[in-house]
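Enquirer: Could you have a look at this structure, given as structure tokens, before my questions?
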Amino acid sequence: MLRIRFFEEEVSRLRAEGSIVGSVHLCNGQEAIYAGASAALDLSRDAVFPTYRGHGWTLACGVPPYALFAELLGRQTGVNGGRGGSAYLTAPEYGMYGENSIVGAGAPIAAGAALAATFDGSGRIALAAFGDGALNQGAVHEAMNFAAVRDLPVIFLVENNHYSELTPIASMVRGDRLFKRASAYGMPGGQVDGNDPTAVRDAVARAVERARRGQGPALIEAVTQRIVGHYIGDAQHYRPPGELETALADEPISRLLATLRETIPYAELDALTERVRDEIADASALARADPPADPSTVLEHLYA
Amino acid sequence: MPEIKNLSYAEAVNAALVRALDERAEVLLFGEDVALPGGVFGVTKGLRERFGERVFDTPISESAIIGGAVGAAMFGRRPIVEIMWADFFLVALDQVVNQAANVRYVSRGAVTAPITIRTQQGSAPGACAQHSQSLEAMFAHVPGLRVAMPATHQDAYDLLLAGVWCDDPVIVIENRTLYHTGRSPVGVNGAIQPAEGAAIRRSGTDVTLLTWGAMLHRALEAAELAAGRGIDAEVIDARWIRPLDLGAVLASVERTGRLVVAHEAHTTGGVGGEVLAAVAEAGVHLRSAPLRVGAPPVRIPAAPALAQAVIPNASAIADALVRSAAG
Ligand SMILES: Cc1ncc(C[n+]2csc(CCOP(=O)(O)OP(=O)(O)O)c2C)c(N)n1
């Protein structure tokens, strides 16, 4: 979680100095979801299909921060050699099968990955993660019904940060319990505190166990807040006064550190924090020194 | 040597599906009504009975069908899915254009989506405006996709198998006016062809007529009409709209010095315009202005009398051949 947070802070800095260009969506405040969910998966065989807000997912799957920085910086050494960028990262060797900047579009693809598992005996689980806003996409509903009728081992994980881009989800759907849609498709659904990594891990683990037994998909709603703008540069004028402060008081990193302080001596925890900070700084410096993506390769890998 | 069977176009597709399911254990076949009902045109008859769970019916969910194929293909399956009517593709274009076509490129080949999407189009009497469009140009525009348009019974078999064996996402656009219009000898179990390459269907010296899909049959008829007027047309069936076999077109145009492209789709923004531009860019000397024959920019109406006024027929193509040869 710390790695993700410090990574995003460094991305913020790199964006401000102009080293990273284009629109970038940070996941600060939502780290517990990625850490918790990835801990419940076996990434040597399971497959994650995250949203475009995917740096946290990518790191949680184990992609080295260096390769991720290099990708965001448009370097040849990036996870996708500069072809993916911030919003379309793909790292299958880590179980990370592709962010999607078309919101909700990963859900049918995850269902397909799960479909393959029903034929190849791999026991693979596919996890599709998307926002509360994406839950209103037709493709997500098609995928949930398709997965339910075929008992596919998919977990649909909604990261409910209460905003569809700049618009509160409360003004976009009737009712605040998004997971209830699961019952319409005949699958279990439930809500979990998305700022608590252990709670997320346990909820996902239960769904994983069920799916591995052949009992089909589940919908999990992890309730959280993003404590940054929708994208870097978003001044968040739309957020009511006080909301961000409340969110900050409950955000997962300070919660985690507070919990850890109960059992780990301050000095040790500080040293750990520093180590992660250094790791991120080194990875960023290393990536920045790499050559830009090679234009002579731009036509490669289009067809077999 | 391939075995010869007397098959309808629909049966040729069915035979290709049988072979794909037989020879490649990773092939899955799914879509709306394809399994137990055997397909709304009867194309997939008997496959569920023969291949069991690998052939299954889906909800009416085009995004889930294509997205499901993409995800399954990423994990070693080789799905063949059906979109019942080409028009229905439009509700799931995201999965084709943003998803399937991107997978290999962005991951630099680490993940691929070798899917085959069968669909059918074509203007048949009584088809409504949402069931009669010719959409190949839309797919041909997208890098990463391959697009086949089988016009003959043999190609209904061969192009589909070429698509299934190919490691790229392939769209095979069949034509429903051909499905049940008589049987002809089809060589089955021959070598799998590469997913590209045009075919010369009639040799000629005066003008090159490029076409594809069901329009091939009207083009051949037009060539005979033109022959009666002293013009010897060479008819080329593009077969693959992407990648387009420009080499075959250029070689023919270099011999004839004249070019007519005929298709059922609208000329505006169509593949015909693309071919004319590519030939112009190649700098081939033409003896007369190149011509396009296609549907005018109008919606496709339901009434047969109106539809006939939109879709080019053999005499319209023959007139274009005569005009071309006169220039
Ligand atoms: C199909 C589609 N429509 C619209 C957009 C533009 N868009 C980008 S992010 C976003 C909001 C997504 O909200 P949500 O799913 O709740 O995810 P969050 O940003 O909260 O993580 C929108 C509308 C898009 N990328 N894709």
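By convention here, the chains of the structure tokens are called A, B, ... in the order presented, each chain's residues are numbered starting at 1, and ligands are numbered starting at 1 in the order presented.
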For ligand 1, list the contacting residues at 8 Å or closer, counting only C-alpha atoms and all ligand atoms, as an mmCIF file with N, CA and C atoms, in the first residue's frame.
Expert:
```cif
data_model
loop_
_atom_site.group_PDB
_atom_site.id
_atom_site.type_symbol
_atom_site.label_atom_id
_atom_site.label_comp_id
_atom_site.auth_asym_id
_atom_site.auth_seq_id
_atom_site.Cartn_x
_atom_site.Cartn_y
_atom_site.Cartn_z
ATOM 1 N N HIS A 25 -4.680 9.341 -14.030
ATOM 2 C CA HIS A 25 -5.657 9.169 -12.953
ATOM 3 C C HIS A 25 -4.999 8.433 -11.804
ATOM 4 N N CYS A 27 -4.727 6.873 -7.850
ATOM 5 C CA CYS A 27 -5.652 6.040 -7.066
ATOM 6 C C CYS A 27 -5.509 6.282 -5.560
ATOM 7 N N THR A 51 -9.474 -1.248 -13.935
ATOM 8 C CA THR A 51 -9.929 -0.038 -14.631
ATOM 9 C C THR A 51 -8.717 0.755 -15.106
ATOM 10 N N TYR A 52 -8.992 1.869 -15.724
ATOM 11 C CA TYR A 52 -7.935 2.785 -16.198
ATOM 12 C C TYR A 52 -7.209 3.427 -15.006
ATOM 13 N N ARG A 53 -7.852 3.439 -13.831
ATOM 14 C CA ARG A 53 -7.192 3.993 -12.638
ATOM 15 C C ARG A 53 -6.345 2.862 -12.061
ATOM 16 N N SER A 101 -9.378 1.728 -20.579
ATOM 17 C CA SER A 101 -9.819 3.116 -20.474
ATOM 18 C C SER A 101 -11.175 3.314 -21.116
ATOM 19 N N ILE A 102 -11.776 2.217 -21.557
ATOM 20 C CA ILE A 102 -13.193 2.252 -21.914
ATOM 21 C C ILE A 102 -13.872 1.686 -20.674
ATOM 22 N N VAL A 103 -14.571 2.522 -19.942
ATOM 23 C CA VAL A 103 -14.996 2.062 -18.629
ATOM 24 C C VAL A 103 -15.972 0.884 -18.743
ATOM 25 N N GLY A 104 -15.714 -0.124 -17.947
ATOM 26 C CA GLY A 104 -16.566 -1.317 -17.899
ATOM 27 C C GLY A 104 -16.230 -2.363 -18.949
ATOM 28 N N ALA A 105 -15.400 -2.037 -19.923
ATOM 29 C CA ALA A 105 -15.173 -2.953 -21.050
ATOM 30 C C ALA A 105 -14.397 -4.198 -20.645
ATOM 31 N N PHE A 130 -13.806 -2.276 -11.570
ATOM 32 C CA PHE A 130 -14.277 -1.061 -12.253
ATOM 33 C C PHE A 130 -14.948 -0.157 -11.242
ATOM 34 N N GLY A 131 -15.174 1.077 -11.653
ATOM 35 C CA GLY A 131 -15.741 2.055 -10.730
ATOM 36 C C GLY A 131 -17.243 1.963 -10.596
ATOM 37 N N ASP A 132 -17.758 2.745 -9.660
ATOM 38 C CA ASP A 132 -19.202 2.807 -9.456
ATOM 39 C C ASP A 132 -19.906 3.345 -10.699
ATOM 40 N N GLY A 133 -19.253 4.274 -11.388
ATOM 41 C CA GLY A 133 -19.845 4.821 -12.605
ATOM 42 C C GLY A 133 -19.936 3.760 -13.687
ATOM 43 N N ALA A 134 -18.892 2.951 -13.810
ATOM 44 C CA ALA A 134 -18.844 1.927 -14.851
ATOM 45 C C ALA A 134 -19.930 0.882 -14.670
ATOM 46 N N LEU A 135 -20.410 0.751 -13.459
ATOM 47 C CA LEU A 135 -21.464 -0.239 -13.198
ATOM 48 C C LEU A 135 -22.730 0.092 -14.002
ATOM 49 N N GLN A 137 -22.597 0.772 -17.186
ATOM 50 C CA GLN A 137 -22.333 0.426 -18.581
ATOM 51 C C GLN A 137 -23.038 -0.877 -18.956
ATOM 52 N N GLU A 159 -15.138 -0.592 -7.306
ATOM 53 C CA GLU A 159 -14.434 0.344 -6.429
ATOM 54 C C GLU A 159 -15.340 1.558 -6.303
ATOM 55 N N ASN A 160 -16.167 1.547 -5.287
ATOM 56 C CA ASN A 160 -17.118 2.657 -5.142
ATOM 57 C C ASN A 160 -16.458 3.820 -4.416
ATOM 58 N N ASN A 161 -15.937 4.764 -5.213
ATOM 59 C CA ASN A 161 -15.348 5.973 -4.604
ATOM 60 C C ASN A 161 -16.334 7.138 -4.667
ATOM 61 N N HIS A 162 -17.571 6.814 -4.956
ATOM 62 C CA HIS A 162 -18.694 7.757 -4.931
ATOM 63 C C HIS A 162 -18.721 8.779 -6.044
ATOM 64 N N TYR A 163 -17.773 8.715 -6.952
ATOM 65 C CA TYR A 163 -17.814 9.653 -8.075
ATOM 66 C C TYR A 163 -17.664 8.929 -9.398
ATOM 67 N N SER A 164 -18.541 9.290 -10.363
ATOM 68 C CA SER A 164 -18.358 8.905 -11.757
ATOM 69 C C SER A 164 -17.691 10.107 -12.388
ATOM 70 N N GLU A 165 -16.407 10.062 -12.508
ATOM 71 C CA GLU A 165 -15.637 11.204 -12.972
ATOM 72 C C GLU A 165 -15.876 12.372 -12.011
ATOM 73 N N LEU A 166 -16.652 13.382 -12.398
ATOM 74 C CA LEU A 166 -16.829 14.555 -11.548
ATOM 75 C C LEU A 166 -18.227 14.613 -10.938
ATOM 76 N N ILE A 169 -22.090 9.679 -7.605
ATOM 77 C CA ILE A 169 -22.853 8.504 -8.017
ATOM 78 C C ILE A 169 -24.279 8.589 -7.492
ATOM 79 N N ARG A 226 -11.704 8.562 -3.156
ATOM 80 C CA ARG A 226 -10.399 8.980 -3.661
ATOM 81 C C ARG A 226 -10.086 10.318 -2.999
ATOM 82 N N HIS A 230 -10.067 13.495 -9.886
ATOM 83 C CA HIS A 230 -10.341 12.412 -10.833
ATOM 84 C C HIS A 230 -9.110 12.180 -11.713
#
```
Enquirer: When you look at A:Arg239 with a cut-off of 12 Å (counting only C-alpha atoms), what residues show up, excluding the ones that are within fewer than 3 positions of it in the same chain? I need them as a ChimeraX atom specification.
Expert: /A:162-163,165-168,225-230,234-236,242-247
Enquirer: Contacts of A:Glu31 at 12 Å or less, counting only C-alpha atoms, minus same-chain residues fewer than 5 places along, as a ChimeraX atom specification?
Expert: /A:1-8,26,36-38,53-60,159,161,194-198,200,222-227,251-256
Enquirer: At a cut-off of 6 Å, which residues of chain A touch chain B? Count only C-alpha atoms and give the answer as a list in words.
Expert: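 Result: Asn80, Arg83, Gly84, Pro108, Ile109, Ala110, Ala111, Gly112, Ala113, Ala116, Ala139, Glu142, Ala143, His301, Leu302, Tyr303 and Ala304 of chain A.
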Enquirer: Using only C-alpha atoms for the distances, tell me which of B:Ala191, B:Ala223, B:Val260, B:Ala280 is nearest to B:Ser315.
Expert: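 Of B:Ala191, B:Ala223, B:Val260, B:Ala280, the one nearest B:Ser315 is B:Ala223, counting only C-alpha atoms.
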Enquirer: Please provide as a ChimeraX atom specification all residues within 12 Å of B:Gly38, with the sequence filter that same-chain residues fewer than 3 positions apart are discarded (counting only C-alpha atoms).
Expert: /B:10-11,14,29-35,41-50,55-57,82
Enquirer: Tell me which of A:Ala285, A:Ile264, A:Ile280, A:Ile125 sits closest to A:Glu9, counting only C-alpha atoms.
Expert: A:Ile280
Enquirer: Once DSSP has gone over the backbone, tell me which residues of stretch 62-150 of chain A are in strand (DSSP E), as a PyMOL selection string.
Expert: chain A and resi 126-131
Enquirer: Could you please take those selected residues and save N, CA and C atoms as a short mmCIF file (atom, residue, chain, number, x, y, z; two decimals), in the first residue's frame?
Expert:
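For reference, selection.cif as written:
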```
data_model
loop_
_atom_site.label_atom_id
_atom_site.label_comp_id
_atom_site.auth_asym_id
_atom_site.auth_seq_id
_atom_site.Cartn_x
_atom_site.Cartn_y
_atom_site.Cartn_z
N ALA A 126 -10.94 -15.02 -12.76
CA ALA A 126 -10.73 -13.71 -13.37
C ALA A 126 -11.38 -12.66 -12.49
N LEU A 127 -10.69 -11.57 -12.29
CA LEU A 127 -11.26 -10.48 -11.49
C LEU A 127 -11.35 -9.23 -12.35
N ALA A 128 -12.57 -8.71 -12.49
CA ALA A 128 -12.77 -7.47 -13.23
C ALA A 128 -13.04 -6.37 -12.21
N ALA A 129 -12.21 -5.33 -12.23
CA ALA A 129 -12.42 -4.21 -11.31
C ALA A 129 -12.84 -2.99 -12.10
N PHE A 130 -13.81 -2.28 -11.57
CA PHE A 130 -14.28 -1.06 -12.25
C PHE A 130 -14.95 -0.16 -11.24
N GLY A 131 -15.17 1.08 -11.65
CA GLY A 131 -15.74 2.05 -10.73
C GLY A 131 -17.24 1.96 -10.60
#
```
Enquirer: Please identify all polymer residues within 10 Å of stretch 284-290 of chain B, counting only C-alpha atoms, omitting same-chain residues fewer than 3 positions from it, and present them as number ranges by chain.
Expert: B: 207-208, 250-251, 253-254, 256-261, 273, 275-281, 320, 323-327
Enquirer: Taking only C-alpha atoms into account, which of A:Gly74, A:Gly190, A:Pro92, A:Gly214 comes nearest A:Ala117?
Expert: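 Selected residue with least distance to A:Ala117: A:Gly214.
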